[in-house]
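**Student:** Below is upload.cif; it holds mmCIF, C-alpha atoms.
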data_data
#
loop_
_atom_site.label_atom_id
_atom_site.label_comp_id
_atom_site.auth_asym_id
_atom_site.auth_seq_id
_atom_site.Cartn_x
_atom_site.Cartn_y
_atom_site.Cartn_z
CA MET A 172 -48.14 -83.33 26.48
CA THR A 173 -45.51 -80.67 25.75
CA ALA A 174 -41.90 -81.52 24.98
CA ILE A 175 -39.29 -78.75 24.77
CA ALA A 176 -35.81 -78.91 23.27
CA ASN A 177 -33.21 -76.24 22.60
CA THR A 178 -30.20 -75.90 20.34
CA SER A 179 -27.83 -72.96 20.12
CA TYR A 180 -29.86 -71.47 17.26
CA VAL A 181 -33.34 -73.02 17.32
CA THR A 182 -35.82 -73.93 20.04
CA TYR A 183 -38.32 -76.72 19.59
CA GLU A 184 -41.54 -77.29 21.50
CA LEU A 185 -44.32 -79.77 20.84
CA ARG A 186 -47.76 -78.55 21.90
CA GLY A 187 -50.09 -81.45 21.25
CA ASP A 188 -49.99 -82.03 17.49
CA VAL A 189 -48.34 -78.66 16.75
CA ALA A 190 -44.56 -78.16 16.75
CA HIS A 191 -43.21 -74.68 17.57
CA ILE A 192 -39.87 -73.91 15.91
CA GLY A 193 -38.25 -70.79 17.35
CA LEU A 194 -35.43 -68.86 15.64
CA ASN A 195 -33.11 -68.19 18.55
CA ARG A 196 -30.34 -65.75 17.73
CA PRO A 197 -31.94 -62.55 19.00
CA GLU A 198 -28.65 -60.69 19.52
CA LYS A 199 -28.18 -60.85 15.72
CA ARG A 200 -31.86 -60.23 14.93
CA ASN A 201 -32.02 -63.94 14.07
CA ALA A 202 -29.71 -63.52 11.05
CA ILE A 203 -29.22 -66.92 9.43
CA SER A 204 -25.72 -68.41 9.22
CA ASP A 205 -24.72 -71.79 7.78
CA ALA A 206 -24.95 -73.40 11.22
CA PHE A 207 -28.30 -71.72 11.81
CA VAL A 208 -29.84 -73.06 8.60
CA GLU A 209 -28.64 -76.57 9.49
CA ALA A 210 -30.35 -76.22 12.89
CA ILE A 211 -33.55 -75.25 11.08
CA ALA A 212 -33.19 -78.36 8.91
CA ALA A 213 -32.84 -80.60 11.96
CA THR A 214 -35.89 -79.18 13.73
CA VAL A 215 -38.00 -79.32 10.57
CA ALA A 216 -37.09 -83.00 10.22
CA ARG A 217 -38.14 -83.58 13.82
CA ALA A 218 -41.44 -81.76 13.32
CA GLU A 219 -42.15 -83.84 10.23
CA SER A 220 -41.67 -87.03 12.27
CA GLU A 221 -43.92 -86.22 15.24
CA ALA A 222 -46.26 -83.27 14.53
CA LYS A 223 -49.26 -82.68 12.27
CA ALA A 224 -48.57 -78.95 11.78
CA ALA A 225 -45.89 -76.47 12.80
CA VAL A 226 -45.41 -72.82 13.76
CA ILE A 227 -42.17 -70.98 12.94
CA PHE A 228 -41.51 -67.82 14.98
CA GLY A 229 -38.63 -65.63 16.10
CA HIS A 230 -37.34 -65.03 19.64
CA GLY A 231 -36.50 -61.45 20.56
CA ASN A 232 -37.68 -58.30 18.80
CA HIS A 233 -37.59 -59.60 15.24
CA PHE A 234 -38.61 -62.64 13.20
CA CYS A 235 -35.48 -62.67 11.04
CA ALA A 236 -33.23 -59.98 9.54
CA GLY A 237 -31.99 -62.34 6.82
CA LEU A 238 -28.60 -63.64 5.80
CA ASP A 239 -25.60 -63.38 8.11
CA LEU A 240 -23.67 -60.93 5.90
CA ALA A 241 -20.46 -61.11 7.95
CA GLU A 242 -20.21 -64.83 7.20
CA HIS A 243 -21.42 -64.49 3.60
CA MET A 244 -18.84 -61.91 2.52
CA LYS A 245 -16.00 -64.32 3.38
CA LYS A 246 -17.22 -66.98 0.95
CA THR A 247 -15.80 -67.74 -2.47
CA PRO A 248 -18.28 -67.70 -5.40
CA ILE A 249 -18.63 -71.49 -5.39
CA GLU A 250 -19.14 -71.51 -1.61
CA GLY A 251 -21.87 -68.93 -2.12
CA VAL A 252 -23.57 -71.12 -4.73
CA ARG A 253 -23.39 -74.15 -2.45
CA GLY A 254 -24.80 -72.16 0.45
CA SER A 255 -27.67 -70.84 -1.66
CA ARG A 256 -28.53 -74.30 -2.93
CA ARG A 257 -28.54 -75.61 0.63
CA TRP A 258 -31.06 -72.91 1.60
CA HIS A 259 -33.16 -73.98 -1.38
CA GLU A 260 -33.04 -77.61 -0.25
CA ILE A 261 -34.00 -76.86 3.35
CA PHE A 262 -36.74 -74.33 2.58
CA ALA A 263 -38.18 -76.80 0.04
CA LYS A 264 -38.56 -79.30 2.90
CA ILE A 265 -40.87 -76.75 4.52
CA GLU A 266 -42.81 -75.78 1.41
CA HIS A 267 -43.14 -79.34 0.07
CA GLY A 268 -43.08 -81.31 3.30
CA THR A 269 -45.78 -83.49 4.81
CA ILE A 270 -47.29 -81.01 7.29
CA PRO A 271 -48.52 -77.39 7.08
CA TYR A 272 -46.24 -74.63 8.37
CA ILE A 273 -47.54 -71.31 9.67
CA SER A 274 -45.09 -68.48 10.31
CA ALA A 275 -45.67 -65.97 13.12
CA LEU A 276 -44.04 -62.70 12.07
CA HIS A 277 -43.02 -59.63 14.04
CA GLY A 278 -40.43 -56.91 13.67
CA ALA A 279 -38.00 -57.35 10.79
CA VAL A 280 -38.87 -59.83 8.06
CA ILE A 281 -36.01 -58.95 5.77
CA GLY A 282 -34.12 -60.66 2.94
CA GLY A 283 -33.55 -64.28 3.90
CA GLY A 284 -36.11 -63.91 6.68
CA LEU A 285 -38.75 -63.08 4.08
CA GLU A 286 -37.54 -65.99 1.97
CA LEU A 287 -38.02 -68.31 4.96
CA ALA A 288 -41.49 -66.89 5.64
CA ALA A 289 -42.40 -67.30 1.97
CA SER A 290 -41.65 -71.03 2.21
CA THR A 291 -44.37 -71.44 4.85
CA HIS A 292 -47.98 -71.99 3.86
CA ILE A 293 -49.69 -69.29 5.92
CA ARG A 294 -48.16 -66.11 7.33
CA VAL A 295 -49.48 -64.25 10.40
CA ALA A 296 -47.97 -60.81 11.09
CA ASP A 297 -48.39 -58.59 14.11
CA ARG A 298 -48.48 -54.80 13.76
CA THR A 299 -44.75 -54.37 14.44
CA THR A 300 -43.89 -56.33 11.29
CA PHE A 301 -42.12 -54.77 8.31
CA PHE A 302 -40.87 -56.37 5.11
CA ALA A 303 -37.83 -55.52 2.97
CA LEU A 304 -35.48 -56.94 0.35
CA PRO A 305 -32.36 -54.74 0.63
CA GLU A 306 -30.10 -57.00 -1.43
CA GLY A 307 -29.75 -54.38 -4.17
CA GLN A 308 -28.38 -51.85 -1.69
CA ARG A 309 -25.96 -54.48 -0.33
CA GLY A 310 -24.61 -55.30 -3.80
CA ILE A 311 -25.97 -58.85 -3.77
CA PHE A 312 -29.02 -60.81 -4.98
CA VAL A 313 -31.58 -62.97 -3.20
CA GLY A 314 -30.30 -66.52 -2.71
CA GLY A 315 -32.80 -68.33 -0.49
CA GLY A 316 -35.54 -68.85 -3.05
CA GLY A 317 -36.98 -65.34 -3.02
CA SER A 318 -36.86 -64.84 -6.78
CA VAL A 319 -39.38 -67.69 -7.02
CA ARG A 320 -41.37 -67.74 -3.79
CA VAL A 321 -41.56 -64.02 -2.92
CA ALA A 322 -42.17 -63.06 -6.56
CA ARG A 323 -45.06 -65.49 -6.73
CA LEU A 324 -46.61 -63.95 -3.65
CA THR A 325 -46.19 -60.29 -4.52
CA GLY A 326 -45.77 -60.34 -8.29
CA THR A 327 -42.49 -59.54 -10.03
CA ALA A 328 -43.20 -55.79 -10.30
CA ARG A 329 -43.61 -55.33 -6.53
CA MET A 330 -40.57 -57.45 -5.73
CA MET A 331 -38.51 -55.53 -8.28
CA ASP A 332 -39.62 -52.26 -6.66
CA MET A 333 -38.54 -53.51 -3.23
CA MET A 334 -35.14 -54.67 -4.48
CA LEU A 335 -34.33 -51.68 -6.70
CA THR A 336 -35.43 -48.92 -4.33
CA GLY A 337 -34.97 -50.48 -0.90
CA ARG A 338 -38.65 -49.88 -0.20
CA VAL A 339 -39.79 -51.11 3.21
CA LEU A 340 -43.37 -52.37 3.41
CA SER A 341 -45.47 -51.81 6.50
CA VAL A 342 -47.54 -54.70 7.80
CA GLU A 343 -50.61 -53.27 6.04
CA GLU A 344 -48.73 -52.98 2.75
CA GLY A 345 -47.37 -56.47 3.27
CA GLU A 346 -50.87 -57.85 3.70
CA ARG A 347 -52.03 -56.11 0.52
CA SER A 348 -48.98 -57.60 -1.25
CA ASN A 349 -49.91 -61.12 -0.05
CA LEU A 350 -46.88 -61.40 2.24
CA ALA A 351 -49.25 -61.95 5.17
CA GLN A 352 -52.70 -63.53 5.26
CA TYR A 353 -53.52 -62.38 8.80
CA VAL A 354 -52.66 -59.18 10.71
CA VAL A 355 -53.00 -59.21 14.50
CA GLU A 356 -52.09 -56.91 17.37
CA LYS A 357 -48.57 -56.69 18.75
CA GLY A 358 -47.45 -59.88 20.47
CA GLU A 359 -50.37 -61.99 19.22
CA ALA A 360 -48.91 -63.56 16.07
CA ARG A 361 -47.66 -66.76 17.67
CA ASP A 362 -50.98 -67.47 19.41
CA LYS A 363 -52.90 -66.85 16.19
CA ALA A 364 -50.46 -69.04 14.25
CA HIS A 365 -50.94 -71.81 16.81
CA GLU A 366 -54.72 -71.51 16.46
CA LEU A 367 -54.44 -71.88 12.68
CA ALA A 368 -51.92 -74.72 12.94
CA LYS A 369 -54.18 -76.56 15.38
CA ALA A 370 -57.08 -76.23 12.92
CA ALA A 371 -54.91 -77.51 10.07
CA ALA A 372 -53.65 -80.40 12.22
CA SER A 373 -57.26 -81.58 12.64
CA ASN A 374 -57.64 -82.11 8.88
CA ALA A 375 -57.16 -85.44 7.18
CA GLU A 376 -53.41 -85.91 6.75
CA ILE A 377 -53.79 -86.95 3.11
CA SER A 378 -55.81 -83.79 2.38
CA ASN A 379 -53.15 -81.58 3.96
CA TYR A 380 -50.46 -83.34 1.95
CA ALA A 381 -52.41 -82.82 -1.26
CA ILE A 382 -53.08 -79.15 -0.50
CA ILE A 383 -49.48 -78.18 0.27
CA ASN A 384 -47.90 -80.32 -2.46
CA ALA A 385 -50.39 -80.39 -5.34
CA LEU A 386 -51.59 -76.77 -5.34
CA PRO A 387 -48.16 -75.13 -5.92
CA ARG A 388 -47.30 -77.65 -8.61
CA ILE A 389 -50.63 -77.17 -10.38
CA GLN A 390 -49.83 -73.45 -10.60
CA ASP A 391 -46.71 -74.37 -12.59
CA MET A 392 -48.71 -76.41 -15.10
CA ALA A 393 -50.65 -75.51 -18.19
CA LYS A 394 -54.37 -75.08 -17.50
CA GLU A 395 -55.51 -78.44 -18.85
CA ASP A 396 -52.59 -80.28 -17.21
CA GLY A 397 -53.52 -78.71 -13.88
CA LEU A 398 -57.16 -79.72 -14.21
CA PHE A 399 -56.10 -83.25 -15.11
CA VAL A 400 -53.95 -83.54 -11.97
CA GLU A 401 -56.75 -81.99 -9.90
CA SER A 402 -59.11 -84.80 -10.98
CA PHE A 403 -56.66 -87.44 -9.82
CA MET A 404 -56.04 -85.71 -6.48
CA ALA A 405 -59.77 -85.30 -5.89
CA SER A 406 -60.41 -88.98 -6.58
CA PHE A 407 -57.39 -90.22 -4.63
CA THR A 408 -58.17 -88.26 -1.45
CA ALA A 409 -61.90 -89.03 -1.55
CA THR A 410 -61.31 -92.79 -1.55
CA SER A 411 -59.20 -92.86 1.61
CA PRO A 412 -60.75 -94.53 4.71
CA GLU A 413 -60.46 -91.26 6.64
CA ALA A 414 -62.33 -89.35 3.94
CA GLU A 415 -65.08 -91.95 3.94
CA GLU A 416 -65.57 -91.59 7.70
CA ARG A 417 -65.47 -87.79 7.59
CA LEU A 418 -67.97 -87.61 4.72
CA ARG A 419 -70.30 -90.03 6.50
CA ALA A 420 -70.09 -87.93 9.68
CA PHE A 421 -71.01 -84.83 7.69
CA LEU A 422 -73.96 -86.50 5.97
CA GLU A 423 -75.19 -87.87 9.30
CA LYS A 424 -74.87 -84.39 10.83
CA ARG A 425 -72.23 -85.53 13.33
CA ALA A 426 -69.55 -83.20 11.97
CA GLU A 427 -69.14 -79.58 12.98
CA ARG A 428 -70.68 -77.18 10.47
CA LEU A 429 -68.93 -74.22 8.89
CA LYS A 430 -68.84 -71.12 11.08
CA ILE A 431 -70.26 -68.19 9.14
CA PRO A 432 -68.62 -64.85 10.05
CA GLY A 433 -70.92 -62.67 12.15
CA GLN A 434 -73.22 -65.53 13.11
CA ASN A 435 -73.21 -67.60 16.29
#
Could you spell out this file's structure in structure tokens?
**Tutor:**
Amino acid sequence: MTAIANTSYVTYELRGDVAHIGLNRPEKRNAISDAFVEAIAATVARAESEAKAAVIFGHGNHFCAGLDLAEHMKKTPIEGVRGSRRWHEIFAKIEHGTIPYISALHGAVIGGGLELAASTHIRVADRTTFFALPEGQRGIFVGGGGSVRVARLTGTARMMDMMLTGRVLSVEEGERSNLAQYVVEKGEARDKAHELAKAAASNAEISNYAIINALPRIQDMAKEDGLFVESFMASFTATSPEAEERLRAFLEKRAERLKIPGQN
């Protein structure tokens, strides 16, 4: 059953176990204001309560052109800090939530839009997509988590290049820079993202939680600390009732086998 809801900035649709969160300010290229980011927070909370995976996409010709600069330039320094920290809090709910998020990208994925995409777990881009971090040219600095999340995806050298020179990456360059894991034809990103989200939603919920929460944290640890945590996660997930049933189904040849590329 599909349920659809709309706010002034975000649309929400539940397709089976997959929530679709749509950025809905197309006249501003989905630029994110304070009210907009709060609408994202509300829809993410709803998705966490009733879905097993989610797709984030943009209405109109672009995914998201970033921060609403007209609103930002009116803020005092402390208001700017508070706004940035609120972005951090909300985007962390995506990155370290309880369900996987897949972003469907097209058109501009710029500044704060790239920071939002970087907080999702898988990124699908169609061939109209381009990536940029023009903060240096605007006289500002990233404030939505980009210095951590985007830098970890691309490497500091590539991110520094983008910010210092205003370099715009094509979708192919973005894929090579790990900003997208899938590239599809124009207009197909949302469908592909839904396909991936549906596959993720079929996993054991405890496994999904471990993947999206343990893996990033293990990367922050020393090697031996990471391996230690891995052992606990492996043991904890394997002893769940759902894991026991899924493993038994595999051993009894009742589970679907891996699909090898190029083979039927």
**Student:** Which is closer to Lys264 in chain A than all the others in A:His292, A:Asn374, A:Ile389, A:Ile249, using only C-alpha atoms?
**Tutor:**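 So, comparing all the options, the nearest one is A:His292.
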**Student:** Would you list the contacts of Lys223 in chain A as a VMD selection string, taking every protein, DNA or RNA residue within 7 Å and counting only C-alpha atoms, but skipping same-chain residues closer than 5 positions in sequence?
**Tutor:** chain A and resid 188 to 189 270 372
**Student:** Could you check the closest approach to Tyr272 in chain A for each of A:Phe207, A:Tyr353, A:Tyr183, A:Phe228 and tell me which residue wins, using all atoms listed in the file?
**Tutor:**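 Smallest distance to Tyr272 in chain A is found for A:Phe228.
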**Student:** Run the PyMOL selection byres ((chain A and resi 344) around 12) mentally over the shown coordinates, then write out the matched residues as a list in words, using the chain letters and numbers from the document.
**Tutor:**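 Selected by the PyMOL selection byres ((chain A and resi 344) around 12) in this file: Ala296, Arg298, Thr300, Phe301, Phe302, Ala303, Thr325, Arg329, Met333, Arg338, Val339, Leu340, Ser341, Val342, Glu343, Gly345, Glu346, Arg347, Ser348, Asn349, Leu350, Ala351, Gln352 and Val354 of chain A.
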**Student:** Next, dump the selected residues to file, keeping only C-alpha atoms, as a short mmCIF file (atom, residue, chain, number, x, y, z; two decimals), keeping the file's coordinate frame.
**Tutor:**
data_model
loop_
_atom_site.label_atom_id
_atom_site.label_comp_id
_atom_site.auth_asym_id
_atom_site.auth_seq_id
_atom_site.Cartn_x
_atom_site.Cartn_y
_atom_site.Cartn_z
CA ALA A 296 -47.97 -60.81 11.09
CA ARG A 298 -48.48 -54.80 13.76
CA THR A 300 -43.89 -56.33 11.29
CA PHE A 301 -42.12 -54.77 8.31
CA PHE A 302 -40.87 -56.37 5.11
CA ALA A 303 -37.83 -55.52 2.97
CA THR A 325 -46.19 -60.29 -4.52
CA ARG A 329 -43.61 -55.33 -6.53
CA MET A 333 -38.54 -53.51 -3.23
CA ARG A 338 -38.65 -49.88 -0.20
CA VAL A 339 -39.79 -51.11 3.21
CA LEU A 340 -43.37 -52.37 3.41
CA SER A 341 -45.47 -51.81 6.50
CA VAL A 342 -47.54 -54.70 7.80
CA GLU A 343 -50.61 -53.27 6.04
CA GLY A 345 -47.37 -56.47 3.27
CA GLU A 346 -50.87 -57.85 3.70
CA ARG A 347 -52.03 -56.11 0.52
CA SER A 348 -48.98 -57.60 -1.25
CA ASN A 349 -49.91 -61.12 -0.05
CA LEU A 350 -46.88 -61.40 2.24
CA ALA A 351 -49.25 -61.95 5.17
CA GLN A 352 -52.70 -63.53 5.26
CA VAL A 354 -52.66 -59.18 10.71
#
**Student:** Show me, as a VMD selection string, the residues that have an atom within 12 Å of range 241-243 of chain A when counting all atoms listed in the file, minus same-chain residues fewer than 5 positions from it.
**Tutor:** chain A and resid 199 202 to 207 248 to 255 309 311 314
**Student:** Assuming the chain letters and numbering stay as they are in my file, what does the PyMOL selection byres ((chain A and resi 191-195) around 6) actually select? List them as number ranges by chain.
**Tutor:** A: 180-184, 190, 196-197, 225-230
**Student:** What lies within 9 Å of Ile261 in chain A using all atoms listed in the file, ignoring chain neighbours under 2 positions off, as a list in words?
**Tutor:**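 Near Ile261 in chain A, the qualifying residues are Val208, Glu209, Ile211, Ala212, Val215, Arg256, Arg257, Trp258, His259, Ala263, Lys264 and Ile265 of chain A.
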**Student:** For CA of Val319 in chain A and CA of Gln390 in chain A, quote the distance in Å rounded to one decimal.
**Tutor:**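 One can read the CA of Val319 in chain A to CA of Gln390 in chain A distance as 12.5 Å.
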**Student:** Of the candidates A:Pro387, A:Gly187, A:Gly278, A:Gly284, which shows the shortest atom-to-atom distance to Lys357 in chain A, using all atoms listed in the file?
**Tutor:**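 Distance minimum relative to Lys357 in chain A lands on A:Gly278.
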**Student:** List the spatial neighbours of Gly307 in chain A as a list in words - criterion: any atom at most 7 Å away, all atoms listed in the file, same-chain residues fewer than 4 positions off excluded.
**Tutor:**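 With the cut-off at 7 Å, the set is Ile311, Phe312, Met334 and Leu335 of chain A.
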**Student:** Given the file shown, determine the residues that the PyMOL selection byres ((chain A and resi 317) around 9) selects; report them as JSON, numbers by chain.
**Tutor:** {"A": [282, 283, 285, 286, 287, 289, 313, 314, 315, 316, 318, 319, 320, 321, 322, 323]}
**Student:** So the first atom is CA of Ala409 in chain A and the second is CA of Tyr380 in chain A; what is the distance between them in Å, to one decimal place?
**Tutor:** 13.2 Å
**Student:** Can you complete the atoms of range 200-211 of chain A to all heavy atoms and list them as a tab-separated table (two decimals), in the coordinates of the input?
**Tutor:**
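Generated file (selection-v4.tsv):
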chain	number	residue	atom	x	y	z
A	200	ARG	N	-30.55	-60.36	15.57
A	200	ARG	CA	-31.86	-60.23	14.93
A	200	ARG	C	-32.20	-61.50	14.13
A	200	ARG	O	-32.84	-61.45	13.11
A	200	ARG	CB	-31.93	-58.99	14.03
A	200	ARG	CG	-31.67	-57.68	14.77
A	200	ARG	CD	-32.23	-56.48	14.03
A	200	ARG	NE	-31.66	-56.34	12.69
A	200	ARG	CZ	-32.11	-55.47	11.78
A	200	ARG	NH1	-33.14	-54.67	12.06
A	200	ARG	NH2	-31.52	-55.39	10.60
A	201	ASN	N	-31.76	-62.63	14.66
A	201	ASN	CA	-32.02	-63.94	14.07
A	201	ASN	C	-31.47	-64.08	12.65
A	201	ASN	O	-32.03	-64.82	11.82
A	201	ASN	CB	-33.51	-64.28	14.11
A	201	ASN	CG	-34.00	-64.52	15.52
A	201	ASN	OD1	-33.27	-65.04	16.37
A	201	ASN	ND2	-35.22	-64.09	15.82
A	202	ALA	N	-30.37	-63.38	12.36
A	202	ALA	CA	-29.71	-63.52	11.05
A	202	ALA	C	-29.25	-64.97	10.87
A	202	ALA	O	-28.73	-65.59	11.80
A	202	ALA	CB	-28.52	-62.58	10.96
A	203	ILE	N	-29.45	-65.50	9.68
A	203	ILE	CA	-29.22	-66.92	9.43
A	203	ILE	C	-27.82	-67.18	8.89
A	203	ILE	O	-27.45	-66.72	7.81
A	203	ILE	CB	-30.28	-67.47	8.45
A	203	ILE	CG1	-31.68	-67.25	9.03
A	203	ILE	CG2	-30.04	-68.95	8.19
A	203	ILE	CD1	-32.79	-67.69	8.09
A	204	SER	N	-27.05	-67.95	9.63
A	204	SER	CA	-25.72	-68.41	9.22
A	204	SER	C	-25.83	-69.84	8.70
A	204	SER	O	-26.90	-70.45	8.73
A	204	SER	CB	-24.77	-68.37	10.42
A	204	SER	OG	-25.24	-69.26	11.42
A	205	ASP	N	-24.72	-70.40	8.25
A	205	ASP	CA	-24.72	-71.79	7.78
A	205	ASP	C	-25.13	-72.74	8.91
A	205	ASP	O	-25.93	-73.67	8.69
A	205	ASP	CB	-23.33	-72.18	7.27
A	205	ASP	CG	-23.00	-71.53	5.93
A	205	ASP	OD1	-23.92	-70.97	5.30
A	205	ASP	OD2	-21.82	-71.56	5.53
A	206	ALA	N	-24.59	-72.53	10.10
A	206	ALA	CA	-24.95	-73.40	11.22
A	206	ALA	C	-26.42	-73.24	11.59
A	206	ALA	O	-27.09	-74.21	11.96
A	206	ALA	CB	-24.06	-73.08	12.43
A	207	PHE	N	-26.90	-72.02	11.48
A	207	PHE	CA	-28.30	-71.72	11.81
A	207	PHE	C	-29.23	-72.47	10.86
A	207	PHE	O	-30.21	-73.10	11.28
A	207	PHE	CB	-28.52	-70.21	11.71
A	207	PHE	CG	-29.75	-69.70	12.42
A	207	PHE	CD1	-29.83	-68.36	12.77
A	207	PHE	CD2	-30.82	-70.51	12.74
A	207	PHE	CE1	-30.93	-67.85	13.42
A	207	PHE	CE2	-31.94	-70.02	13.39
A	207	PHE	CZ	-32.00	-68.68	13.72
A	208	VAL	N	-28.95	-72.41	9.57
A	208	VAL	CA	-29.84	-73.06	8.60
A	208	VAL	C	-29.82	-74.57	8.79
A	208	VAL	O	-30.84	-75.25	8.58
A	208	VAL	CB	-29.49	-72.64	7.16
A	208	VAL	CG1	-28.31	-73.42	6.60
A	208	VAL	CG2	-30.70	-72.80	6.24
A	209	GLU	N	-28.69	-75.13	9.21
A	209	GLU	CA	-28.64	-76.57	9.49
A	209	GLU	C	-29.48	-76.92	10.72
A	209	GLU	O	-30.11	-77.99	10.79
A	209	GLU	CB	-27.21	-77.04	9.68
A	209	GLU	CG	-26.35	-76.95	8.42
A	209	GLU	CD	-26.91	-77.75	7.25
A	209	GLU	OE1	-27.57	-78.78	7.49
A	209	GLU	OE2	-26.66	-77.35	6.09
A	210	ALA	N	-29.50	-76.00	11.71
A	210	ALA	CA	-30.35	-76.22	12.89
A	210	ALA	C	-31.82	-76.18	12.50
A	210	ALA	O	-32.64	-76.95	13.03
A	210	ALA	CB	-30.04	-75.17	13.96
A	211	ILE	N	-32.18	-75.29	11.58
A	211	ILE	CA	-33.55	-75.25	11.08
A	211	ILE	C	-33.89	-76.58	10.41
A	211	ILE	O	-34.96	-77.15	10.62
A	211	ILE	CB	-33.73	-74.08	10.10
A	211	ILE	CG1	-33.62	-72.74	10.84
A	211	ILE	CG2	-35.09	-74.17	9.39
A	211	ILE	CD1	-33.60	-71.52	9.92
